[in-house]
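Visitor: Below is query_12.cif; it holds mmCIF, C-alpha atoms and all ligand atoms.
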data_start
loop_
_atom_site.label_atom_id
_atom_site.label_comp_id
_atom_site.auth_asym_id
_atom_site.auth_seq_id
_atom_site.Cartn_x
_atom_site.Cartn_y
_atom_site.Cartn_z
CA MET A 59 -21.94 0.75 -4.03
CA THR A 60 -18.33 1.90 -3.87
CA LYS A 61 -15.92 -1.03 -3.86
CA LYS A 62 -12.79 -1.07 -1.73
CA VAL A 63 -9.44 -2.03 -3.24
CA LEU A 64 -6.43 -2.54 -1.01
CA LEU A 65 -3.11 -1.63 -2.63
CA LEU A 66 -0.02 -3.48 -1.46
CA PRO A 67 2.93 -2.16 -3.55
CA GLY A 68 5.53 -4.10 -1.54
CA ASP A 69 9.16 -3.89 -2.59
CA GLY A 70 11.47 -3.17 -5.51
CA ILE A 71 9.66 -2.62 -8.80
CA GLY A 72 6.41 -3.42 -6.94
CA ILE A 73 6.21 0.27 -6.03
CA GLU A 74 6.81 1.48 -9.60
CA ILE A 75 4.37 -0.87 -11.33
CA VAL A 76 1.54 -0.46 -8.81
CA ALA A 77 1.80 3.31 -9.32
CA GLU A 78 1.00 2.77 -13.02
CA ALA A 79 -1.89 0.42 -12.24
CA VAL A 80 -3.28 3.07 -9.88
CA LYS A 81 -3.23 5.60 -12.72
CA VAL A 82 -5.42 3.23 -14.71
CA LEU A 83 -7.81 2.67 -11.78
CA GLN A 84 -8.06 6.43 -11.23
CA ALA A 85 -8.79 7.06 -14.90
CA LEU A 86 -11.54 4.44 -14.81
CA ARG A 87 -12.96 6.13 -11.72
CA ASN A 88 -12.79 9.67 -13.11
CA ASP A 89 -13.88 9.02 -16.68
CA TYR A 90 -15.70 5.69 -16.86
CA GLY A 91 -17.84 5.59 -13.73
CA LEU A 92 -15.92 2.95 -11.77
CA ALA A 93 -17.05 3.28 -8.14
CA VAL A 94 -13.90 2.35 -6.30
CA GLU A 95 -11.86 3.68 -3.41
CA THR A 96 -8.32 2.63 -2.61
CA GLU A 97 -6.27 2.30 0.52
CA THR A 98 -2.58 1.43 0.74
CA ALA A 99 -0.91 -0.86 3.29
CA LEU A 100 2.42 -2.50 4.00
CA VAL A 101 3.57 -6.00 3.12
CA GLY A 102 6.91 -7.71 2.58
CA GLY A 103 10.23 -5.98 3.15
CA ALA A 104 8.54 -2.59 3.45
CA ALA A 105 6.47 -3.98 6.33
CA ILE A 106 9.52 -5.56 7.96
CA ASP A 107 11.33 -2.22 7.91
CA ALA A 108 8.35 -0.36 9.37
CA THR A 109 6.92 -2.91 11.82
CA GLY A 110 9.38 -5.78 12.22
CA GLY A 111 7.22 -8.37 10.41
CA PRO A 112 6.27 -9.06 6.75
CA LEU A 113 2.50 -9.15 7.30
CA PRO A 114 1.18 -6.73 9.94
CA GLU A 115 -2.16 -7.76 11.45
CA GLU A 116 -3.57 -4.45 10.21
CA THR A 117 -2.72 -5.35 6.60
CA LEU A 118 -4.37 -8.74 6.86
CA GLN A 119 -7.45 -7.13 8.41
CA LEU A 120 -7.65 -4.49 5.66
CA ALA A 121 -7.25 -7.24 3.05
CA ARG A 122 -10.14 -9.16 4.62
CA GLU A 123 -12.35 -6.07 4.56
CA ALA A 124 -11.49 -5.08 0.98
CA ASP A 125 -13.43 -6.27 -2.07
CA ALA A 126 -10.12 -6.99 -3.79
CA VAL A 127 -6.39 -6.65 -3.21
CA LEU A 128 -3.76 -5.50 -5.74
CA LEU A 129 -0.21 -6.53 -4.90
CA GLY A 130 3.03 -5.48 -6.58
CA ALA A 131 5.85 -7.76 -5.46
CA VAL A 132 7.80 -8.56 -2.31
CA GLY A 133 11.36 -9.44 -1.46
CA GLY A 134 14.88 -8.39 -2.26
CA PRO A 135 18.51 -8.86 -1.27
CA LYS A 136 18.19 -6.54 1.71
CA TRP A 137 16.03 -9.07 3.56
CA GLU A 138 17.72 -12.29 2.43
CA PRO A 139 19.85 -12.60 5.57
CA LEU A 140 16.69 -12.84 7.71
CA ASP A 141 15.35 -16.15 8.98
CA ILE A 142 13.09 -17.70 6.33
CA SER A 143 10.13 -17.60 8.72
CA ILE A 144 10.08 -13.80 8.76
CA ARG A 145 11.22 -12.95 5.23
CA PRO A 146 9.13 -10.74 2.90
CA GLU A 147 7.88 -13.79 0.95
CA LYS A 148 6.20 -15.03 4.14
CA GLY A 149 3.99 -11.96 4.00
CA LEU A 150 2.70 -12.98 0.60
CA LEU A 151 2.21 -16.60 1.66
CA GLY A 152 0.42 -15.37 4.81
CA LEU A 153 -1.99 -13.32 2.70
CA ARG A 154 -2.73 -16.25 0.39
CA ALA A 155 -3.32 -18.62 3.32
CA GLY A 156 -5.07 -16.04 5.52
CA LEU A 157 -7.54 -15.13 2.78
CA GLY A 158 -8.03 -18.73 1.62
CA LEU A 159 -6.91 -17.92 -1.94
CA PHE A 160 -6.47 -21.49 -3.16
CA ALA A 161 -7.05 -20.95 -6.89
CA ASN A 162 -4.34 -19.06 -8.75
CA LEU A 163 -5.15 -18.25 -12.36
CA ARG A 164 -2.17 -17.37 -14.54
CA PRO A 165 -3.19 -16.71 -18.15
CA ALA A 166 -0.34 -17.03 -20.64
CA LEU A 167 -1.78 -15.09 -23.55
CA LEU A 168 0.33 -13.87 -26.41
CA TYR A 169 -0.53 -10.44 -27.73
CA PRO A 170 0.06 -10.90 -31.47
CA GLN A 171 2.15 -7.72 -31.55
CA LEU A 172 4.69 -9.49 -29.30
CA ALA A 173 5.16 -12.66 -31.34
CA SER A 174 8.68 -11.57 -32.20
CA ALA A 175 9.51 -10.60 -28.59
CA SER A 176 9.36 -14.22 -27.48
CA THR A 177 12.59 -16.16 -27.50
CA LEU A 178 10.70 -18.90 -29.40
CA ARG A 179 9.96 -18.71 -33.12
CA PRO A 180 6.81 -16.64 -33.84
CA GLU A 181 4.98 -19.58 -35.44
CA VAL A 182 5.46 -21.64 -32.26
CA VAL A 183 3.77 -19.04 -30.06
CA ALA A 184 1.37 -17.20 -32.41
CA GLY A 185 -2.18 -17.58 -31.07
CA LEU A 186 -1.02 -18.89 -27.69
CA ASP A 187 -3.75 -18.84 -25.01
CA ILE A 188 -3.11 -21.07 -21.99
CA MET A 189 -4.71 -20.79 -18.56
CA ILE A 190 -2.48 -22.18 -15.83
CA VAL A 191 -4.50 -23.02 -12.71
CA ARG A 192 -2.07 -23.30 -9.83
CA GLU A 193 -3.08 -24.64 -6.41
CA LEU A 194 -1.95 -21.87 -4.07
CA THR A 195 -2.51 -22.66 -0.41
CA GLY A 196 -1.26 -26.22 -0.08
CA GLY A 197 1.43 -28.59 -1.24
CA ILE A 198 5.08 -28.37 -0.32
CA TYR A 199 4.83 -24.62 0.33
CA PHE A 200 2.72 -25.19 3.42
CA GLY A 201 3.27 -28.87 4.35
CA GLN A 202 4.45 -29.82 7.83
CA PRO A 203 6.93 -30.84 9.08
CA ARG A 204 9.50 -28.53 7.59
CA GLY A 205 12.79 -27.14 8.71
CA ILE A 206 16.50 -27.80 9.06
CA ARG A 207 17.50 -30.36 11.69
CA THR A 208 20.81 -31.70 12.93
CA LEU A 209 21.31 -35.45 12.62
CA GLU A 210 23.06 -37.60 15.19
CA ASN A 211 26.26 -37.49 13.16
CA GLY A 212 26.20 -33.69 13.38
CA GLU A 213 25.27 -33.20 9.73
CA ARG A 214 22.39 -30.83 9.05
CA GLN A 215 19.42 -31.96 6.99
CA GLY A 216 16.78 -29.78 5.34
CA PHE A 217 13.24 -31.14 4.90
CA ASN A 218 9.85 -30.08 3.54
CA THR A 219 6.66 -32.06 3.13
CA LEU A 220 4.57 -32.39 0.01
CA VAL A 221 1.01 -32.97 1.16
CA TYR A 222 -2.42 -32.72 -0.49
CA SER A 223 -5.71 -33.92 0.93
CA GLU A 224 -8.43 -35.13 -1.44
CA SER A 225 -10.61 -32.10 -0.73
CA GLU A 226 -7.78 -29.71 -1.62
CA VAL A 227 -7.24 -31.47 -4.94
CA GLU A 228 -10.94 -31.65 -5.63
CA ARG A 229 -11.58 -27.93 -5.19
CA ILE A 230 -8.69 -26.85 -7.44
CA GLY A 231 -9.79 -29.51 -9.92
CA ARG A 232 -13.30 -28.09 -9.99
CA ALA A 233 -11.92 -24.58 -10.44
CA ALA A 234 -9.93 -25.78 -13.46
CA PHE A 235 -12.83 -27.69 -15.02
CA ASP A 236 -15.20 -24.74 -14.49
CA ILE A 237 -12.74 -22.51 -16.36
CA ALA A 238 -12.28 -25.10 -19.10
CA MET A 239 -16.06 -25.14 -19.65
CA LYS A 240 -15.81 -21.47 -20.63
CA ARG A 241 -12.81 -22.09 -22.89
CA ASN A 242 -11.83 -24.98 -25.16
CA LYS A 243 -12.91 -27.73 -22.74
CA ARG A 244 -9.52 -29.34 -22.32
CA VAL A 245 -7.74 -29.79 -18.99
CA CYS A 246 -4.20 -31.12 -18.67
CA SER A 247 -3.38 -32.11 -15.10
CA VAL A 248 0.35 -31.88 -14.46
CA ASP A 249 1.83 -34.14 -11.79
CA LYS A 250 4.70 -36.44 -10.93
CA ALA A 251 2.54 -39.48 -10.28
CA ASN A 252 5.29 -41.83 -11.46
CA VAL A 253 7.38 -40.96 -8.39
CA LEU A 254 5.37 -39.09 -5.75
CA GLU A 255 2.46 -40.77 -3.94
CA CYS A 256 1.01 -37.37 -3.15
CA THR A 257 0.50 -36.67 -6.83
CA GLU A 258 -0.62 -40.23 -7.50
CA LEU A 259 -3.59 -39.31 -5.31
CA TRP A 260 -3.81 -35.94 -7.11
CA ARG A 261 -4.26 -37.79 -10.42
CA GLU A 262 -6.86 -40.16 -8.96
CA VAL A 263 -8.92 -37.23 -7.65
CA MET A 264 -8.68 -35.36 -10.97
CA ILE A 265 -10.08 -38.41 -12.76
CA ARG A 266 -12.94 -38.49 -10.26
CA VAL A 267 -13.71 -34.79 -10.65
CA ALA A 268 -13.67 -35.16 -14.46
CA LYS A 269 -16.70 -37.47 -14.24
CA ASP A 270 -18.81 -34.41 -13.34
CA TYR A 271 -17.62 -32.65 -16.50
CA PRO A 272 -18.33 -35.08 -19.34
CA GLU A 273 -17.79 -32.37 -21.96
CA VAL A 274 -14.26 -31.66 -20.80
CA GLU A 275 -11.36 -33.76 -22.02
CA LEU A 276 -8.90 -34.55 -19.22
CA SER A 277 -5.31 -35.51 -19.94
CA HIS A 278 -2.37 -36.08 -17.62
CA MET A 279 1.25 -35.16 -18.05
CA TYR A 280 4.34 -35.58 -15.90
CA VAL A 281 5.80 -32.24 -14.96
CA ASP A 282 9.16 -32.83 -16.62
CA ASN A 283 7.45 -33.59 -19.93
CA ALA A 284 5.09 -30.61 -19.44
CA ALA A 285 8.09 -28.28 -19.04
CA MET A 286 9.48 -29.61 -22.31
CA GLN A 287 6.14 -29.57 -24.17
CA LEU A 288 5.57 -25.92 -23.17
CA VAL A 289 8.62 -25.01 -25.21
CA ARG A 290 8.17 -27.63 -27.97
CA ALA A 291 4.50 -27.09 -28.83
CA PRO A 292 2.80 -24.79 -26.31
CA LYS A 293 -0.42 -24.38 -28.28
CA GLN A 294 -1.45 -27.96 -27.46
CA PHE A 295 -2.56 -26.70 -24.02
CA ASP A 296 -5.85 -25.09 -23.02
CA VAL A 297 -6.13 -25.28 -19.21
CA MET A 298 -3.24 -26.69 -17.18
CA VAL A 299 -3.95 -27.54 -13.53
CA THR A 300 -1.13 -28.32 -11.16
CA THR A 301 0.35 -28.14 -7.69
CA ASN A 302 1.64 -25.06 -5.94
CA MET A 303 5.32 -25.56 -6.74
CA PHE A 304 4.94 -27.00 -10.24
CA GLY A 305 2.59 -24.11 -11.07
CA ASP A 306 5.11 -21.57 -9.80
CA ILE A 307 7.79 -22.95 -12.08
CA LEU A 308 5.67 -23.65 -15.17
CA SER A 309 4.07 -20.20 -15.09
CA ASP A 310 7.44 -18.44 -15.15
CA GLU A 311 8.37 -20.68 -18.08
CA ALA A 312 5.09 -19.98 -19.87
CA SER A 313 5.51 -16.23 -19.38
CA MET A 314 8.45 -16.21 -21.79
CA LEU A 315 6.19 -17.63 -24.49
CA THR A 316 4.26 -14.35 -24.27
CA GLY A 317 7.35 -12.20 -24.68
CA SER A 318 8.26 -11.47 -21.07
CA ILE A 319 7.49 -12.26 -17.47
CA GLY A 320 6.46 -8.60 -17.34
CA MET A 321 3.34 -9.47 -19.35
CA LEU A 322 1.75 -12.15 -17.13
CA PRO A 323 -0.99 -11.15 -14.66
CA SER A 324 -2.65 -13.36 -12.08
CA ALA A 325 -5.74 -13.75 -9.95
CA SER A 326 -5.72 -15.62 -6.66
CA LEU A 327 -9.29 -16.51 -5.69
CA ASP A 328 -11.12 -17.95 -2.72
CA ALA A 329 -14.25 -20.10 -2.86
CA ASP A 330 -16.50 -17.00 -3.23
CA GLY A 331 -14.52 -15.23 -5.95
CA LYS A 332 -12.86 -12.75 -3.61
CA GLY A 333 -9.37 -12.20 -4.81
CA MET A 334 -5.88 -10.83 -4.72
CA TYR A 335 -4.35 -9.74 -8.01
CA GLU A 336 -0.68 -9.52 -8.84
CA PRO A 337 1.81 -9.90 -11.66
CA ILE A 338 3.50 -13.29 -11.51
CA HIS A 339 6.96 -11.75 -11.44
CA GLY A 340 8.92 -10.62 -8.42
CA SER A 341 10.47 -7.40 -7.17
CA ALA A 342 13.23 -7.53 -9.85
CA PRO A 343 16.03 -6.07 -7.70
CA ASP A 344 18.28 -5.91 -10.77
CA ILE A 345 16.15 -3.15 -12.35
CA ALA A 346 14.34 -1.68 -9.31
CA GLY A 347 14.38 2.10 -9.03
CA GLN A 348 15.38 2.63 -12.65
CA GLY A 349 11.91 3.30 -14.05
CA VAL A 350 12.29 0.62 -16.73
CA ALA A 351 10.10 -2.21 -15.41
CA ASN A 352 7.17 -3.37 -17.51
CA PRO A 353 3.92 -2.36 -15.75
CA LEU A 354 1.62 -4.28 -18.13
CA ALA A 355 1.37 -7.48 -16.03
CA THR A 356 0.14 -5.36 -13.13
CA ILE A 357 -2.22 -3.33 -15.29
CA LEU A 358 -3.58 -6.58 -16.75
CA SER A 359 -3.99 -7.83 -13.17
CA VAL A 360 -6.30 -4.85 -12.61
CA ALA A 361 -8.32 -6.08 -15.59
CA MET A 362 -8.58 -9.52 -13.95
CA MET A 363 -9.66 -7.82 -10.71
CA LEU A 364 -12.44 -5.94 -12.49
CA ARG A 365 -13.58 -9.16 -14.16
CA TYR A 366 -13.41 -11.62 -11.26
CA SER A 367 -14.02 -9.54 -8.13
CA LEU A 368 -15.67 -6.25 -9.07
CA GLY A 369 -18.20 -7.39 -11.68
CA GLU A 370 -16.92 -4.90 -14.28
CA GLU A 371 -16.36 -7.04 -17.37
CA ALA A 372 -16.72 -4.12 -19.80
CA LEU A 373 -14.02 -2.11 -18.01
CA ALA A 374 -11.77 -5.17 -17.83
CA ALA A 375 -12.09 -5.54 -21.59
CA ARG A 376 -11.42 -1.81 -21.98
CA ILE A 377 -8.06 -2.18 -20.19
CA GLU A 378 -7.13 -5.19 -22.31
CA ARG A 379 -7.99 -3.28 -25.48
CA ALA A 380 -5.90 -0.33 -24.27
CA VAL A 381 -2.90 -2.61 -23.69
CA SER A 382 -3.28 -4.00 -27.19
CA ARG A 383 -3.54 -0.45 -28.53
CA VAL A 384 -0.25 0.73 -26.95
CA LEU A 385 1.44 -2.35 -28.39
CA ASP A 386 -0.04 -1.39 -31.79
CA GLN A 387 1.53 2.04 -31.30
CA GLY A 388 4.88 0.27 -31.08
CA LEU A 389 5.56 1.21 -27.45
CA ARG A 390 7.73 -1.30 -25.59
CA THR A 391 9.49 -1.46 -22.25
CA ALA A 392 13.03 -2.86 -22.37
CA ASP A 393 11.99 -6.46 -21.67
CA ILE A 394 9.76 -6.65 -24.80
CA HIS A 395 11.68 -4.23 -26.98
CA THR A 396 12.55 -5.44 -30.48
CA GLU A 397 14.01 -3.69 -33.50
CA GLY A 398 11.74 -1.08 -35.02
CA THR A 399 9.71 -0.44 -31.84
CA THR A 400 9.88 2.51 -29.44
CA ARG A 401 11.50 1.88 -26.10
CA VAL A 402 9.70 3.55 -23.20
CA GLY A 403 10.00 3.52 -19.42
CA THR A 404 7.51 2.36 -16.79
CA ALA A 405 5.67 5.67 -16.37
CA ARG A 406 5.38 6.41 -20.08
CA MET A 407 3.92 2.96 -20.66
CA GLY A 408 1.36 3.53 -17.88
CA ASP A 409 0.44 6.95 -19.29
CA ALA A 410 0.03 5.45 -22.76
CA VAL A 411 -2.38 2.80 -21.43
CA VAL A 412 -4.41 5.50 -19.68
CA ALA A 413 -4.57 7.53 -22.90
CA ALA A 414 -5.59 4.44 -24.88
CA LEU A 415 -8.53 3.68 -22.55
CA ALA A 416 -10.55 6.11 -24.64
CA ASP A 417 -10.14 4.07 -27.84
N1 LIG B 501 4.85 -12.34 -6.15
C1 LIG B 501 5.97 -11.88 -5.65
O1 LIG B 501 5.95 -10.97 -4.85
C2 LIG B 501 7.26 -12.47 -6.08
C3 LIG B 501 7.34 -13.31 -7.19
C4 LIG B 501 8.58 -13.82 -7.57
C5 LIG B 501 9.72 -13.48 -6.86
N2 LIG B 501 9.59 -12.66 -5.78
C6 LIG B 501 10.77 -12.18 -5.05
O2 LIG B 501 11.41 -11.20 -5.87
C7 LIG B 501 12.80 -11.19 -5.62
C8 LIG B 501 13.56 -11.36 -6.94
O3 LIG B 501 13.30 -12.65 -7.48
P1 LIG B 501 13.80 -13.15 -8.91
O4 LIG B 501 14.89 -12.27 -9.38
O5 LIG B 501 14.00 -14.58 -8.81
O6 LIG B 501 12.50 -12.97 -9.86
P2 LIG B 501 11.90 -11.67 -10.54
O7 LIG B 501 10.63 -12.08 -11.17
O8 LIG B 501 11.84 -10.54 -9.59
O9 LIG B 501 12.96 -11.28 -11.69
C9 LIG B 501 13.41 -12.22 -12.64
C10 LIG B 501 13.94 -11.48 -13.88
O10 LIG B 501 12.84 -10.94 -14.60
C11 LIG B 501 12.95 -9.55 -14.73
N3 LIG B 501 11.62 -8.94 -14.53
C12 LIG B 501 10.73 -9.30 -13.60
N4 LIG B 501 9.65 -8.51 -13.67
C13 LIG B 501 9.86 -7.64 -14.67
C14 LIG B 501 9.11 -6.57 -15.23
N5 LIG B 501 7.89 -6.23 -14.78
N6 LIG B 501 9.65 -5.87 -16.24
C15 LIG B 501 10.86 -6.19 -16.74
N7 LIG B 501 11.62 -7.19 -16.25
C16 LIG B 501 11.12 -7.91 -15.22
C17 LIG B 501 13.92 -9.11 -13.65
O11 LIG B 501 14.56 -7.91 -13.99
C18 LIG B 501 14.85 -10.31 -13.54
O12 LIG B 501 15.86 -10.20 -14.50
C19 LIG B 501 13.04 -12.33 -4.64
O13 LIG B 501 13.10 -11.77 -3.36
C20 LIG B 501 11.82 -13.21 -4.78
O14 LIG B 501 11.52 -13.95 -3.64
C21 LIG B 501 8.40 -12.14 -5.39
C1 LIG B 502 7.63 -14.97 -3.83
C2 LIG B 502 7.14 -16.37 -3.85
C3 LIG B 502 6.64 -16.76 -2.49
C4 LIG B 502 6.04 -16.59 -4.92
C5 LIG B 502 5.70 -18.08 -4.99
O1 LIG B 502 6.60 -18.92 -5.02
O2 LIG B 502 4.51 -18.38 -5.03
C6 LIG B 502 6.34 -16.12 -6.32
O3 LIG B 502 7.39 -16.82 -6.92
C7 LIG B 502 5.09 -16.22 -7.18
O4 LIG B 502 5.14 -16.87 -8.23
O5 LIG B 502 4.08 -15.62 -6.81
MG MG B 503 6.97 -17.46 -8.90
#
Take the structure in this file and express it as structure tokens.
Ligand SMILES: NC(=O)c1ccc[n+]([C@@H]2O[C@H](COP(=O)([O-])OP(=O)(O)OC[C@H]3O[C@@H](n4cnc5c(N)ncnc54)[C@H](O)[C@@H]3O)[C@@H](O)[C@H]2O)c1
Ligand SMILES: CC(C)[C@H](C(=O)O)[C@@H](O)C(=O)O
Ligand SMILES: [Mg+2]
Guide:
Amino acid sequence: MTKKVLLLPGDGIGIEIVAEAVKVLQALRNDYGLAVETETALVGGAAIDATGGPLPEETLQLAREADAVLLGAVGGPKWEPLDISIRPEKGLLGLRAGLGLFANLRPALLYPQLASASTLRPEVVAGLDIMIVRELTGGIYFGQPRGIRTLENGERQGFNTLVYSESEVERIGRAAFDIAMKRNKRVCSVDKANVLECTELWREVMIRVAKDYPEVELSHMYVDNAAMQLVRAPKQFDVMVTTNMFGDILSDEASMLTGSIGMLPSASLDADGKGMYEPIHGSAPDIAGQGVANPLATILSVAMMLRYSLGEEALAARIERAVSRVLDQGLRTADIHTEGTTRVGTARMGDAVVAALAD
């Protein structure tokens, strides 16, 4: 049966990189028998400009009906003056919450060809393969109360609430342990249990969940140490599971171990494996419109979509092989360019991946 994929290019480089991912999807449809049809809708700043809000009801409805969603990125300076409650980023958060996408998988995998593109020494990152499992629909991103209030003395005070219920921790814990069972059977839960009660409970629940996975080794690390260890000796990690905000920060950090934030894809999944797929980076206003953005994180997100939501493991692997192949050919966008390699723009990189699908 033909599967439906909703495309949400969004803003800035989102438009340029999704265009390259679509080329790959089309090639898989035309030449490799992928039964898929796509539809495009508005989210983020593009939706604000067209409809007045970052997540039109129609977009959410189309996302619910689709088998999978591919998102580019949202946001940009144009919409920063708006109230935070109606900014482009709210569209993305609304999709995650509205679709129940609580498990965000962010694989930090180093393609060996890029060992010298990382800012860390090649021997520190060679062979790196970490899966960051980020809780995505709870924590301080969604906790109530939140806002900016005026105190009696006239001073304004900003406040947000970090909150996790046991069931929220348990389900992301299970997601992480299930993934670890298919990998090297090690889970490191990252928290701040020495200071925050909320993550003291997080740790307690992780220990409880671990009892159902006797083969998996659970360790705990405070987030400040984890940030340091990721740079000191990143290969010590297999699966890292953490809160919404810590996962946001640590995944951007981990992306640089792989050469560039332009290399890191993600899958955001609900309880049934339905998902939204997106690069972890943003709309990159500093390079938007120049045709220089790296489309590989988005193309690799398509691979994750084929694997996790469309049941097409062989085609997912075909995309990943094609990415490796173009790196073998020495093609590099500016963010991963090093001496002796060929610098190419967004479209040429996308075309090269399409051509390499045949290999
Ligand atoms: N998922 C999302 O939609 C998402 C994620 C992060 C940030 N944002 C939004 O994006 C806007 C810009 O945020 P930011 O600048 O903090 O983060 P960013 O990820 O957009 O950019 C950070 C830096 O990385 C570079 N970069 C990012 N993606 C790249 C790519 N594919 N190829 C080459 N270089 C790349 C950018 O040029 C920039 O120098 C903000 O509005 C923010 O809220 C959206
Ligand atoms: C744009 C923003 C809401 C988003 C987040 O913080 O989750 C982004 O940084 C990400 O990593 O997907
Ligand atoms: Mg982020």
Visitor: Please identify every residue of chain A that has at least one atom no farther than 6 Å from an atom of ligand LIG 502 (chain B), counting all atoms listed in the file, and for each give the shortest atom pair and the distance in Å to one decimal, arranged by chain then increasing number, as a tab-separated table.
Guide:
residue	atom	partner	partner_atom	distance
A:Glu147	CA	B:LIG502	C3	4.7
A:Asp306	CA	B:LIG502	O4	5.0
A:Ile338	CA	B:LIG502	O4	5.1
Visitor: Could I get the residues of chain A with an atom no further than 12 Å from an atom of ligand MG 503 (chain B), each paired with its nearest atom pair and that distance in Å to one decimal, using all atoms listed in the file, sorted by chain and residue number, as JSON lines?
Guide:
{"residue": "A:Ala131", "atom": "CA", "partner": "B:MG503", "partner_atom": "MG", "distance": 10.4}
{"residue": "A:Val132", "atom": "CA", "partner": "B:MG503", "partner_atom": "MG", "distance": 11.1}
{"residue": "A:Gly133", "atom": "CA", "partner": "B:MG503", "partner_atom": "MG", "distance": 11.8}
{"residue": "A:Glu147", "atom": "CA", "partner": "B:MG503", "partner_atom": "MG", "distance": 10.6}
{"residue": "A:Leu150", "atom": "CA", "partner": "B:MG503", "partner_atom": "MG", "distance": 11.3}
{"residue": "A:Leu151", "atom": "CA", "partner": "B:MG503", "partner_atom": "MG", "distance": 11.6}
{"residue": "A:Asn162", "atom": "CA", "partner": "B:MG503", "partner_atom": "MG", "distance": 11.4}
{"residue": "A:Arg164", "atom": "CA", "partner": "B:MG503", "partner_atom": "MG", "distance": 10.7}
{"residue": "A:Arg192", "atom": "CA", "partner": "B:MG503", "partner_atom": "MG", "distance": 10.8}
{"residue": "A:Leu194", "atom": "CA", "partner": "B:MG503", "partner_atom": "MG", "distance": 11.1}
{"residue": "A:Tyr199", "atom": "CA", "partner": "B:MG503", "partner_atom": "MG", "distance": 11.9}
{"residue": "A:Asn302", "atom": "CA", "partner": "B:MG503", "partner_atom": "MG", "distance": 9.7}
{"residue": "A:Met303", "atom": "CA", "partner": "B:MG503", "partner_atom": "MG", "distance": 8.5}
{"residue": "A:Phe304", "atom": "CA", "partner": "B:MG503", "partner_atom": "MG", "distance": 9.8}
{"residue": "A:Gly305", "atom": "CA", "partner": "B:MG503", "partner_atom": "MG", "distance": 8.3}
{"residue": "A:Asp306", "atom": "CA", "partner": "B:MG503", "partner_atom": "MG", "distance": 4.6}
{"residue": "A:Ile307", "atom": "CA", "partner": "B:MG503", "partner_atom": "MG", "distance": 6.4}
{"residue": "A:Leu308", "atom": "CA", "partner": "B:MG503", "partner_atom": "MG", "distance": 8.9}
{"residue": "A:Ser309", "atom": "CA", "partner": "B:MG503", "partner_atom": "MG", "distance": 7.4}
{"residue": "A:Asp310", "atom": "CA", "partner": "B:MG503", "partner_atom": "MG", "distance": 6.3}
{"residue": "A:Glu311", "atom": "CA", "partner": "B:MG503", "partner_atom": "MG", "distance": 9.8}
{"residue": "A:Ala312", "atom": "CA", "partner": "B:MG503", "partner_atom": "MG", "distance": 11.4}
{"residue": "A:Ser313", "atom": "CA", "partner": "B:MG503", "partner_atom": "MG", "distance": 10.7}
{"residue": "A:Ile319", "atom": "CA", "partner": "B:MG503", "partner_atom": "MG", "distance": 10.0}
{"residue": "A:Leu322", "atom": "CA", "partner": "B:MG503", "partner_atom": "MG", "distance": 11.1}
{"residue": "A:Pro323", "atom": "CA", "partner": "B:MG503", "partner_atom": "MG", "distance": 11.7}
{"residue": "A:Ser324", "atom": "CA", "partner": "B:MG503", "partner_atom": "MG", "distance": 10.9}
{"residue": "A:Glu336", "atom": "CA", "partner": "B:MG503", "partner_atom": "MG", "distance": 11.0}
{"residue": "A:Pro337", "atom": "CA", "partner": "B:MG503", "partner_atom": "MG", "distance": 9.6}
{"residue": "A:Ile338", "atom": "CA", "partner": "B:MG503", "partner_atom": "MG", "distance": 6.0}
{"residue": "A:His339", "atom": "CA", "partner": "B:MG503", "partner_atom": "MG", "distance": 6.2}
{"residue": "A:Gly340", "atom": "CA", "partner": "B:MG503", "partner_atom": "MG", "distance": 7.1}
{"residue": "A:Ser341", "atom": "CA", "partner": "B:MG503", "partner_atom": "MG", "distance": 10.8}
{"residue": "A:Ala342", "atom": "CA", "partner": "B:MG503", "partner_atom": "MG", "distance": 11.8}
Visitor: Provide the CA of Thr400 in chain A to atom C18 of ligand LIG 501 (chain B) distance in Å, to one decimal place.
Guide: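 Answer for the CA of Thr400 in chain A to atom C18 of ligand LIG 501 (chain B) separation: 21.0 Å.
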Visitor: Please measure the separation of CA of Ala79 in chain A and CA of Val360 in chain A, giving the value in Å to one decimal.
Guide: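 Value for the CA of Ala79 in chain A-CA of Val360 in chain A distance: 6.9 Å.
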Visitor: If we count all atoms listed in the file, what is near Glu273 in chain A at a cut-off of 12 Å, once residues fewer than 5 positions away on the same chain are taken out, given as a list in words?
Guide: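 Near neighbours after the sequence-gap exclusion: Phe235, Asp236, Ala238, Met239, Lys240, Arg241, Asn242, Lys243, Arg244, Val245 and Ala268 of chain A.
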Visitor: May I ask for the distance between CA of Thr316 in chain A and CA of Thr177 in chain A, given in Å to one decimal place?
Guide: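 Taking CA of Thr316 in chain A as the start and CA of Thr177 in chain A as the end point, the length is 9.1 Å.
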Visitor: Give me the residues within 12 Å of range 99-114 of chain A as number ranges by chain, counting all atoms listed in the file and dropping any in the same chain fewer than 2 places off.
Guide: A: 63-70, 72-73, 96-97, 116-121, 124, 127-156, 340-341
Visitor: Tell me which of A:Ala405, A:Ala361, A:Leu373, A:Met321 sits closest to ligand LIG 501 (chain B), counting all atoms listed in the file.
Guide: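 Checking each candidate against ligand LIG 501 (chain B), we get A:Met321 as the closest.
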Visitor: Using all atoms listed in the file for the distances, tell me which of A:Glu397, A:Glu74, A:Glu258, A:Glu213 is nearest to ligand LIG 501 (chain B).
Guide: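 With all atoms listed in the file as the atom set, the closest residue is A:Glu74.
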